[in-house]
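Enquirer: Pasting a structure below so you can have a look.
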Amino acid sequence: MGSGGMVVMDESTCMVGMAKFFLDFTAKESCGKCIHCRIGTKRMLEMLERITKGEGKEGDIELLEELCYAIKDGALCGLGQTAPNPVLTTIKYFRDEYEAHIKDKKCPAGECSDLIEYSINADKCKGCTLCARIKCGKCYSVCRFDAVVKA
């Protein structure tokens, strides 16, 4: 993103979340002059937000692709013409992650908080009840016995 930048990621980075991050930036930076960029980037961002929350539905990937090409073809400036690139690239190389978010309601990278489930490994649990008192995923990081399993 930008001129000559490099972004390094590993398997713990959610590609759907990464596309959402870059699209959030371009949607905010749009000058608003052309409808494709002004409205299209916002609609794509809304779709990505739904997908990362586990509310994606069948056909969303194809609709995203269609919207990407409409924005690229109709935008008046370089920002609008390149805004869909992170989405198109992640769909091209990481389509399986999109499908996991939509069909399985799972984030393979374990990064989308709405799609993460926690369970307790009874064999490791010592009964301190710290995980019961702390909600929202903090239990995973505070458990001293590695009894909380993130899936």
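A note on labels: chains of the structure tokens are A, B, ... as shown, every chain counts residues from 1, and ligands are counted from 1 in their shown order.
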Considering only C-alpha atoms, give me a table of residues in region 5-105 of chain A that are at most 10 Å from region 110-116 of chain A, with the closest atom pair and distance in Å for each, as a Markdown table.
Expert:
```
| residue | atom | partner | partner_atom | distance |
| --- | --- | --- | --- | --- |
| A:Glu11 | CA | A:Gly110 | CA | 9.6 |
| A:Ser12 | CA | A:Gly110 | CA | 7.0 |
| A:Thr13 | CA | A:Glu111 | CA | 6.9 |
| A:Cys14 | CA | A:Glu111 | CA | 6.0 |
| A:Met15 | CA | A:Glu111 | CA | 9.6 |
| A:Val16 | CA | A:Cys112 | CA | 9.0 |
| A:Gly17 | CA | A:Cys112 | CA | 7.3 |
| A:Ile51 | CA | A:Cys112 | CA | 9.6 |
| A:Thr52 | CA | A:Cys112 | CA | 5.9 |
| A:Lys53 | CA | A:Asp114 | CA | 5.2 |
| A:Gly54 | CA | A:Leu115 | CA | 6.2 |
| A:Glu55 | CA | A:Asp114 | CA | 9.7 |
| A:His101 | CA | A:Leu115 | CA | 7.9 |
| A:Asp104 | CA | A:Leu115 | CA | 9.5 |
| A:Lys105 | CA | A:Leu115 | CA | 6.2 |
```
Enquirer: Please, which residues of chain A, numbered as in this document, come out strand (DSSP E or B) from DSSP, as a list in words?
Expert: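 Going through chain A, the strand (DSSP E or B) residues come out as Tyr118, Ser119, Ile120, Val148, Val149 and Lys150 of chain A.
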Enquirer: Provide the CA of Ala147 (chain A) to CA of Asn121 (chain A) distance in Å, to one decimal place.
Expert: 4.9 Å
Enquirer: What does the structure give for the distance between CA of Gln81 (chain A) and CA of Thr26 (chain A), in Å to one decimal?
Expert: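 Separating CA of Gln81 (chain A) from CA of Thr26 (chain A) is a distance of 10.6 Å.
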Enquirer: Residues near Cys77 (chain A), anyone? I mean within 9 Å using only C-alpha atoms, not counting same-chain ones fewer than 5 positions away, as a count of residues only.
Expert: 3
Enquirer: Please provide as a list in words all residues within 12 Å of Phe22 (chain A), with the sequence filter that same-chain residues fewer than 5 positions apart are discarded (counting only C-alpha atoms).
Expert: Met1, Gly2, Val7, Met15, Val16, Gly17, Ala27, Lys28, Glu29, Thr41, Met44, Leu45, Leu48, Leu79, Thr82, Ala83, Pro84, Asn85, Pro86, Val87, Leu88, Thr89 and Thr90 of chain A
Enquirer: Please produce a file of those selected residues containing N, CA and C atoms, as a PDB file, in the first residue's frame.
Expert:
```
ATOM      1  N   MET A   1       0.850  -1.181   0.000  1.00  0.00           N
ATOM      2  CA  MET A   1       0.000   0.000   0.000  1.00  0.00           C
ATOM      3  C   MET A   1       0.887   1.233   0.000  1.00  0.00           C
ATOM      4  N   GLY A   2       0.601   2.176  -0.815  1.00  0.00           N
ATOM      5  CA  GLY A   2       1.429   3.362  -0.881  1.00  0.00           C
ATOM      6  C   GLY A   2       2.506   3.209  -1.935  1.00  0.00           C
ATOM      7  N   VAL A   7       4.950  -4.945   3.302  1.00  0.00           N
ATOM      8  CA  VAL A   7       4.258  -5.430   4.473  1.00  0.00           C
ATOM      9  C   VAL A   7       4.591  -6.909   4.621  1.00  0.00           C
ATOM     10  N   MET A  15      -6.097 -12.614   6.426  1.00  0.00           N
ATOM     11  CA  MET A  15      -6.071 -11.896   5.151  1.00  0.00           C
ATOM     12  C   MET A  15      -7.356 -11.112   4.900  1.00  0.00           C
ATOM     13  N   VAL A  16      -8.467 -11.596   5.397  1.00  0.00           N
ATOM     14  CA  VAL A  16      -9.724 -10.851   5.271  1.00  0.00           C
ATOM     15  C   VAL A  16      -9.630  -9.578   6.123  1.00  0.00           C
ATOM     16  N   GLY A  17      -9.088  -9.720   7.321  1.00  0.00           N
ATOM     17  CA  GLY A  17      -8.882  -8.568   8.193  1.00  0.00           C
ATOM     18  C   GLY A  17      -7.893  -7.580   7.606  1.00  0.00           C
ATOM     19  N   ALA A  27     -11.219   4.054   2.047  1.00  0.00           N
ATOM     20  CA  ALA A  27     -12.577   4.597   2.152  1.00  0.00           C
ATOM     21  C   ALA A  27     -12.551   5.960   2.865  1.00  0.00           C
ATOM     22  N   LYS A  28     -11.702   6.083   3.863  1.00  0.00           N
ATOM     23  CA  LYS A  28     -11.585   7.358   4.587  1.00  0.00           C
ATOM     24  C   LYS A  28     -10.877   8.421   3.752  1.00  0.00           C
ATOM     25  N   GLU A  29      -9.967   8.003   2.890  1.00  0.00           N
ATOM     26  CA  GLU A  29      -9.192   8.944   2.087  1.00  0.00           C
ATOM     27  C   GLU A  29      -9.894   9.379   0.808  1.00  0.00           C
ATOM     28  N   THR A  41     -16.327   1.873  -2.081  1.00  0.00           N
ATOM     29  CA  THR A  41     -15.390   1.449  -1.037  1.00  0.00           C
ATOM     30  C   THR A  41     -16.110   1.265   0.302  1.00  0.00           C
ATOM     31  N   MET A  44     -17.929  -2.086   0.103  1.00  0.00           N
ATOM     32  CA  MET A  44     -16.980  -3.195   0.244  1.00  0.00           C
ATOM     33  C   MET A  44     -16.533  -3.327   1.691  1.00  0.00           C
ATOM     34  N   LEU A  45     -16.269  -2.207   2.338  1.00  0.00           N
ATOM     35  CA  LEU A  45     -15.855  -2.231   3.741  1.00  0.00           C
ATOM     36  C   LEU A  45     -16.952  -2.829   4.619  1.00  0.00           C
ATOM     37  N   LEU A  48     -16.864  -6.582   4.172  1.00  0.00           N
ATOM     38  CA  LEU A  48     -15.731  -7.186   4.875  1.00  0.00           C
ATOM     39  C   LEU A  48     -15.961  -7.193   6.385  1.00  0.00           C
ATOM     40  N   LEU A  79      -6.315   6.680  -6.507  1.00  0.00           N
ATOM     41  CA  LEU A  79      -6.746   6.082  -5.242  1.00  0.00           C
ATOM     42  C   LEU A  79      -7.907   5.132  -5.485  1.00  0.00           C
ATOM     43  N   THR A  82      -7.008   1.940  -7.473  1.00  0.00           N
ATOM     44  CA  THR A  82      -6.194   0.934  -6.779  1.00  0.00           C
ATOM     45  C   THR A  82      -6.795   0.486  -5.451  1.00  0.00           C
ATOM     46  N   ALA A  83      -7.832   1.155  -4.981  1.00  0.00           N
ATOM     47  CA  ALA A  83      -8.457   0.809  -3.689  1.00  0.00           C
ATOM     48  C   ALA A  83      -8.872  -0.660  -3.598  1.00  0.00           C
ATOM     49  N   PRO A  84      -9.418  -1.254  -4.664  1.00  0.00           N
ATOM     50  CA  PRO A  84      -9.844  -2.651  -4.571  1.00  0.00           C
ATOM     51  C   PRO A  84      -8.707  -3.676  -4.603  1.00  0.00           C
ATOM     52  N   ASN A  85      -7.479  -3.254  -4.912  1.00  0.00           N
ATOM     53  CA  ASN A  85      -6.387  -4.207  -5.078  1.00  0.00           C
ATOM     54  C   ASN A  85      -6.152  -5.125  -3.878  1.00  0.00           C
ATOM     55  N   PRO A  86      -6.136  -4.626  -2.636  1.00  0.00           N
ATOM     56  CA  PRO A  86      -5.943  -5.549  -1.503  1.00  0.00           C
ATOM     57  C   PRO A  86      -7.037  -6.613  -1.415  1.00  0.00           C
ATOM     58  N   VAL A  87      -8.255  -6.238  -1.746  1.00  0.00           N
ATOM     59  CA  VAL A  87      -9.361  -7.195  -1.701  1.00  0.00           C
ATOM     60  C   VAL A  87      -9.199  -8.227  -2.818  1.00  0.00           C
ATOM     61  N   LEU A  88      -8.923  -7.752  -4.025  1.00  0.00           N
ATOM     62  CA  LEU A  88      -8.758  -8.668  -5.147  1.00  0.00           C
ATOM     63  C   LEU A  88      -7.576  -9.622  -4.933  1.00  0.00           C
ATOM     64  N   THR A  89      -6.483  -9.102  -4.406  1.00  0.00           N
ATOM     65  CA  THR A  89      -5.291  -9.925  -4.177  1.00  0.00           C
ATOM     66  C   THR A  89      -5.538 -10.971  -3.103  1.00  0.00           C
ATOM     67  N   THR A  90      -6.185 -10.573  -2.018  1.00  0.00           N
ATOM     68  CA  THR A  90      -6.444 -11.553  -0.958  1.00  0.00           C
ATOM     69  C   THR A  90      -7.449 -12.598  -1.404  1.00  0.00           C
TER      70      THR A  90
END
```
Enquirer: Taking the DSSP assignment computed from this structure's backbone, write out as a short mmCIF file (atom, residue, chain, number, x, y, z; two decimals) with N, CA, C and O atoms, in the first residue's frame all residues of chain A that belong to alpha helix (DSSP H).
Expert:
```cif
data_model
loop_
_atom_site.label_atom_id
_atom_site.label_comp_id
_atom_site.auth_asym_id
_atom_site.auth_seq_id
_atom_site.Cartn_x
_atom_site.Cartn_y
_atom_site.Cartn_z
N MET A 15 -6.10 -12.61 6.43
CA MET A 15 -6.07 -11.90 5.15
C MET A 15 -7.36 -11.11 4.90
O MET A 15 -7.32 -10.05 4.28
N VAL A 16 -8.47 -11.60 5.40
CA VAL A 16 -9.72 -10.85 5.27
C VAL A 16 -9.63 -9.58 6.12
O VAL A 16 -10.00 -8.49 5.68
N GLY A 17 -9.09 -9.72 7.32
CA GLY A 17 -8.88 -8.57 8.19
C GLY A 17 -7.89 -7.58 7.61
O GLY A 17 -8.05 -6.36 7.74
N MET A 18 -6.86 -8.09 6.94
CA MET A 18 -5.87 -7.21 6.31
C MET A 18 -6.51 -6.43 5.17
O MET A 18 -6.28 -5.22 5.04
N ALA A 19 -7.30 -7.08 4.35
CA ALA A 19 -8.01 -6.38 3.27
C ALA A 19 -8.93 -5.31 3.86
O ALA A 19 -9.01 -4.20 3.34
N LYS A 20 -9.58 -5.65 4.95
CA LYS A 20 -10.47 -4.69 5.63
C LYS A 20 -9.69 -3.49 6.13
O LYS A 20 -10.12 -2.35 6.01
N PHE A 21 -8.51 -3.73 6.70
CA PHE A 21 -7.66 -2.65 7.21
C PHE A 21 -7.30 -1.66 6.10
O PHE A 21 -7.44 -0.45 6.25
N PHE A 22 -6.83 -2.18 4.96
CA PHE A 22 -6.44 -1.31 3.86
C PHE A 22 -7.64 -0.61 3.24
O PHE A 22 -7.56 0.55 2.86
N LEU A 23 -8.75 -1.31 3.15
CA LEU A 23 -9.95 -0.70 2.57
C LEU A 23 -10.50 0.39 3.48
O LEU A 23 -11.02 1.40 2.99
N ASP A 24 -10.39 0.21 4.77
CA ASP A 24 -10.81 1.25 5.72
C ASP A 24 -10.04 2.54 5.46
O ASP A 24 -10.61 3.63 5.43
N PHE A 25 -8.75 2.39 5.22
CA PHE A 25 -7.91 3.56 4.92
C PHE A 25 -8.37 4.24 3.64
O PHE A 25 -8.59 5.46 3.61
N THR A 26 -8.53 3.49 2.56
CA THR A 26 -8.91 4.11 1.29
C THR A 26 -10.31 4.70 1.32
O THR A 26 -10.56 5.73 0.71
N ALA A 27 -11.22 4.05 2.05
CA ALA A 27 -12.58 4.60 2.15
C ALA A 27 -12.55 5.96 2.86
O ALA A 27 -13.28 6.88 2.49
N LYS A 28 -11.70 6.08 3.86
CA LYS A 28 -11.58 7.36 4.59
C LYS A 28 -10.88 8.42 3.75
O LYS A 28 -11.14 9.61 3.90
N GLU A 29 -9.97 8.00 2.89
CA GLU A 29 -9.19 8.94 2.09
C GLU A 29 -9.89 9.38 0.81
O GLU A 29 -9.44 10.31 0.15
N ILE A 35 -18.71 8.61 -7.55
CA ILE A 35 -19.60 7.70 -6.81
C ILE A 35 -18.97 6.34 -6.60
O ILE A 35 -19.09 5.75 -5.54
N HIS A 36 -18.27 5.83 -7.61
CA HIS A 36 -17.66 4.50 -7.51
C HIS A 36 -16.77 4.39 -6.29
O HIS A 36 -16.87 3.43 -5.52
N CYS A 37 -15.92 5.35 -6.11
CA CYS A 37 -14.98 5.32 -4.99
C CYS A 37 -15.69 5.68 -3.67
O CYS A 37 -15.52 5.00 -2.66
N ARG A 38 -16.48 6.74 -3.69
CA ARG A 38 -17.14 7.22 -2.47
C ARG A 38 -18.08 6.18 -1.88
O ARG A 38 -18.01 5.88 -0.69
N ILE A 39 -18.93 5.61 -2.69
CA ILE A 39 -19.92 4.65 -2.21
C ILE A 39 -19.39 3.22 -2.27
O ILE A 39 -19.59 2.43 -1.35
N GLY A 40 -18.71 2.88 -3.36
CA GLY A 40 -18.24 1.52 -3.56
C GLY A 40 -17.29 1.03 -2.47
O GLY A 40 -17.42 -0.10 -1.98
N THR A 41 -16.33 1.87 -2.08
CA THR A 41 -15.39 1.45 -1.04
C THR A 41 -16.11 1.26 0.30
O THR A 41 -15.78 0.36 1.06
N LYS A 42 -17.09 2.10 0.56
CA LYS A 42 -17.86 1.95 1.81
C LYS A 42 -18.66 0.65 1.81
O LYS A 42 -18.73 -0.05 2.82
N ARG A 43 -19.27 0.31 0.66
CA ARG A 43 -20.03 -0.95 0.58
C ARG A 43 -19.11 -2.15 0.73
O ARG A 43 -19.45 -3.12 1.40
N MET A 44 -17.93 -2.09 0.10
CA MET A 44 -16.98 -3.20 0.24
C MET A 44 -16.53 -3.33 1.69
O MET A 44 -16.43 -4.43 2.22
N LEU A 45 -16.27 -2.21 2.34
CA LEU A 45 -15.86 -2.23 3.74
C LEU A 45 -16.95 -2.83 4.62
O LEU A 45 -16.67 -3.65 5.50
N GLU A 46 -18.20 -2.46 4.36
CA GLU A 46 -19.32 -3.03 5.12
C GLU A 46 -19.38 -4.55 4.94
O GLU A 46 -19.62 -5.28 5.90
N MET A 47 -19.16 -5.02 3.71
CA MET A 47 -19.19 -6.46 3.46
C MET A 47 -18.06 -7.16 4.20
O MET A 47 -18.27 -8.22 4.81
N LEU A 48 -16.86 -6.58 4.17
CA LEU A 48 -15.73 -7.19 4.88
C LEU A 48 -15.96 -7.19 6.39
O LEU A 48 -15.59 -8.15 7.07
N GLU A 49 -16.57 -6.15 6.90
CA GLU A 49 -16.89 -6.11 8.33
C GLU A 49 -17.89 -7.21 8.69
O GLU A 49 -17.74 -7.88 9.71
N ARG A 50 -18.88 -7.42 7.85
CA ARG A 50 -19.85 -8.50 8.08
C ARG A 50 -19.15 -9.86 8.05
O ARG A 50 -19.40 -10.71 8.89
N ILE A 51 -18.27 -10.05 7.08
CA ILE A 51 -17.58 -11.33 6.94
C ILE A 51 -16.71 -11.60 8.16
O ILE A 51 -16.71 -12.72 8.68
N THR A 52 -15.99 -10.60 8.66
CA THR A 52 -15.12 -10.81 9.82
C THR A 52 -15.90 -10.98 11.12
O THR A 52 -15.35 -11.43 12.11
N ASP A 60 -21.08 -13.58 -1.30
CA ASP A 60 -20.38 -12.34 -0.92
C ASP A 60 -19.04 -12.19 -1.63
O ASP A 60 -18.66 -11.09 -2.01
N ILE A 61 -18.32 -13.28 -1.82
CA ILE A 61 -17.01 -13.20 -2.48
C ILE A 61 -17.18 -12.73 -3.92
O ILE A 61 -16.47 -11.82 -4.38
N GLU A 62 -18.13 -13.31 -4.62
CA GLU A 62 -18.38 -12.93 -6.01
C GLU A 62 -18.86 -11.48 -6.10
O GLU A 62 -18.47 -10.74 -7.01
N LEU A 63 -19.70 -11.08 -5.16
CA LEU A 63 -20.18 -9.70 -5.13
C LEU A 63 -19.04 -8.72 -4.85
O LEU A 63 -18.96 -7.65 -5.46
N LEU A 64 -18.14 -9.11 -3.95
CA LEU A 64 -16.95 -8.28 -3.68
C LEU A 64 -16.12 -8.11 -4.95
O LEU A 64 -15.69 -6.99 -5.26
N GLU A 65 -15.89 -9.21 -5.65
CA GLU A 65 -15.10 -9.13 -6.89
C GLU A 65 -15.76 -8.23 -7.92
O GLU A 65 -15.11 -7.39 -8.55
N GLU A 66 -17.06 -8.38 -8.07
CA GLU A 66 -17.81 -7.57 -9.03
C GLU A 66 -17.70 -6.08 -8.67
O GLU A 66 -17.48 -5.22 -9.53
N LEU A 67 -17.84 -5.79 -7.41
CA LEU A 67 -17.76 -4.41 -6.93
C LEU A 67 -16.34 -3.86 -7.12
O LEU A 67 -16.17 -2.70 -7.50
N CYS A 68 -15.34 -4.69 -6.87
CA CYS A 68 -13.94 -4.27 -7.06
C CYS A 68 -13.71 -3.81 -8.49
O CYS A 68 -13.13 -2.74 -8.73
N TYR A 69 -14.15 -4.60 -9.46
CA TYR A 69 -13.92 -4.26 -10.87
C TYR A 69 -14.74 -3.03 -11.28
O TYR A 69 -14.27 -2.22 -12.08
N ALA A 70 -15.92 -2.88 -10.72
CA ALA A 70 -16.74 -1.70 -11.03
C ALA A 70 -16.04 -0.44 -10.51
O ALA A 70 -16.03 0.60 -11.19
N ILE A 71 -15.45 -0.52 -9.32
CA ILE A 71 -14.75 0.63 -8.76
C ILE A 71 -13.50 0.94 -9.57
O ILE A 71 -13.23 2.09 -9.92
N LYS A 72 -12.71 -0.09 -9.89
CA LYS A 72 -11.50 0.11 -10.69
C LYS A 72 -11.81 0.77 -12.03
O LYS A 72 -11.10 1.67 -12.46
N ASP A 73 -12.88 0.32 -12.67
CA ASP A 73 -13.24 0.84 -13.99
C ASP A 73 -13.87 2.22 -13.94
O ASP A 73 -13.74 3.00 -14.88
N GLY A 74 -14.55 2.55 -12.86
CA GLY A 74 -15.30 3.79 -12.82
C GLY A 74 -14.68 4.92 -12.02
O GLY A 74 -15.11 6.07 -12.13
N GLY A 78 -6.26 7.74 -9.12
CA GLY A 78 -5.43 6.59 -8.77
C GLY A 78 -5.86 5.91 -7.49
O GLY A 78 -5.78 4.68 -7.38
N LEU A 79 -6.31 6.68 -6.51
CA LEU A 79 -6.75 6.08 -5.24
C LEU A 79 -7.91 5.13 -5.48
O LEU A 79 -7.88 3.97 -5.06
N GLY A 80 -8.91 5.60 -6.19
CA GLY A 80 -10.08 4.77 -6.45
C GLY A 80 -9.78 3.58 -7.34
O GLY A 80 -10.33 2.50 -7.15
N GLN A 81 -8.88 3.78 -8.30
CA GLN A 81 -8.53 2.70 -9.21
C GLN A 81 -7.71 1.60 -8.54
O GLN A 81 -7.74 0.46 -8.98
N THR A 82 -7.01 1.94 -7.47
CA THR A 82 -6.19 0.93 -6.78
C THR A 82 -6.80 0.49 -5.45
O THR A 82 -6.31 -0.48 -4.86
N ASN A 85 -7.48 -3.25 -4.91
CA ASN A 85 -6.39 -4.21 -5.08
C ASN A 85 -6.15 -5.12 -3.88
O ASN A 85 -5.97 -6.33 -4.07
N PRO A 86 -6.14 -4.63 -2.64
CA PRO A 86 -5.94 -5.55 -1.50
C PRO A 86 -7.04 -6.61 -1.41
O PRO A 86 -6.76 -7.76 -1.07
N VAL A 87 -8.26 -6.24 -1.75
CA VAL A 87 -9.36 -7.19 -1.70
C VAL A 87 -9.20 -8.23 -2.82
O VAL A 87 -9.29 -9.43 -2.58
N LEU A 88 -8.92 -7.75 -4.02
CA LEU A 88 -8.76 -8.67 -5.15
C LEU A 88 -7.58 -9.62 -4.93
O LEU A 88 -7.67 -10.81 -5.22
N THR A 89 -6.48 -9.10 -4.41
CA THR A 89 -5.29 -9.92 -4.18
C THR A 89 -5.54 -10.97 -3.10
O THR A 89 -5.17 -12.14 -3.27
N THR A 90 -6.18 -10.57 -2.02
CA THR A 90 -6.44 -11.55 -0.96
C THR A 90 -7.45 -12.60 -1.40
O THR A 90 -7.34 -13.76 -1.02
N ILE A 91 -8.42 -12.20 -2.21
CA ILE A 91 -9.36 -13.20 -2.74
C ILE A 91 -8.63 -14.16 -3.68
O ILE A 91 -8.85 -15.37 -3.63
N LYS A 92 -7.75 -13.62 -4.50
CA LYS A 92 -7.03 -14.46 -5.47
C LYS A 92 -6.14 -15.49 -4.77
O LYS A 92 -6.14 -16.66 -5.14
N TYR A 93 -5.39 -15.08 -3.76
CA TYR A 93 -4.42 -15.97 -3.15
C TYR A 93 -4.89 -16.63 -1.84
O TYR A 93 -4.30 -17.61 -1.41
N PHE A 94 -5.92 -16.08 -1.22
CA PHE A 94 -6.40 -16.60 0.06
C PHE A 94 -7.91 -16.77 0.08
O PHE A 94 -8.56 -16.54 1.10
N ARG A 95 -8.47 -17.19 -1.04
CA ARG A 95 -9.92 -17.38 -1.14
C ARG A 95 -10.43 -18.33 -0.07
O ARG A 95 -11.52 -18.17 0.46
N ASP A 96 -9.62 -19.33 0.27
CA ASP A 96 -10.02 -20.30 1.29
C ASP A 96 -10.28 -19.64 2.64
O ASP A 96 -11.13 -20.08 3.40
N GLU A 97 -9.57 -18.55 2.94
CA GLU A 97 -9.82 -17.84 4.20
C GLU A 97 -11.18 -17.14 4.17
O GLU A 97 -11.90 -17.13 5.15
N TYR A 98 -11.51 -16.55 3.03
CA TYR A 98 -12.83 -15.93 2.88
C TYR A 98 -13.92 -16.99 3.05
O TYR A 98 -14.90 -16.77 3.75
N GLU A 99 -13.72 -18.13 2.40
CA GLU A 99 -14.70 -19.20 2.49
C GLU A 99 -14.84 -19.72 3.91
O GLU A 99 -15.95 -20.02 4.36
N LEU A 130 -10.23 -18.12 37.30
CA LEU A 130 -9.84 -16.85 36.70
C LEU A 130 -10.49 -16.68 35.32
O LEU A 130 -10.96 -15.60 34.98
N CYS A 131 -10.58 -17.76 34.55
CA CYS A 131 -11.18 -17.68 33.22
C CYS A 131 -12.68 -17.39 33.30
O CYS A 131 -13.23 -16.77 32.40
N ALA A 132 -13.32 -17.81 34.34
CA ALA A 132 -14.76 -17.56 34.49
C ALA A 132 -15.03 -16.10 34.84
O ALA A 132 -16.07 -15.56 34.51
N ARG A 133 -14.07 -15.48 35.51
CA ARG A 133 -14.24 -14.07 35.92
C ARG A 133 -13.84 -13.10 34.82
O ARG A 133 -14.33 -11.98 34.78
N LYS A 138 -9.62 -12.66 27.21
CA LYS A 138 -8.49 -12.40 28.10
C LYS A 138 -8.11 -13.66 28.86
O LYS A 138 -6.98 -13.84 29.28
N CYS A 139 -9.07 -14.56 29.03
CA CYS A 139 -8.81 -15.80 29.74
C CYS A 139 -7.66 -16.58 29.10
O CYS A 139 -6.86 -17.20 29.79
N TYR A 140 -7.57 -16.48 27.79
CA TYR A 140 -6.52 -17.19 27.05
C TYR A 140 -5.13 -16.69 27.46
O TYR A 140 -4.21 -17.48 27.64
N SER A 141 -5.01 -15.39 27.63
CA SER A 141 -3.69 -14.83 27.96
C SER A 141 -3.37 -14.84 29.45
O SER A 141 -2.21 -14.80 29.82
N VAL A 142 -4.38 -14.90 30.31
CA VAL A 142 -4.10 -14.85 31.75
C VAL A 142 -4.02 -16.22 32.42
O VAL A 142 -3.52 -16.32 33.54
#
```
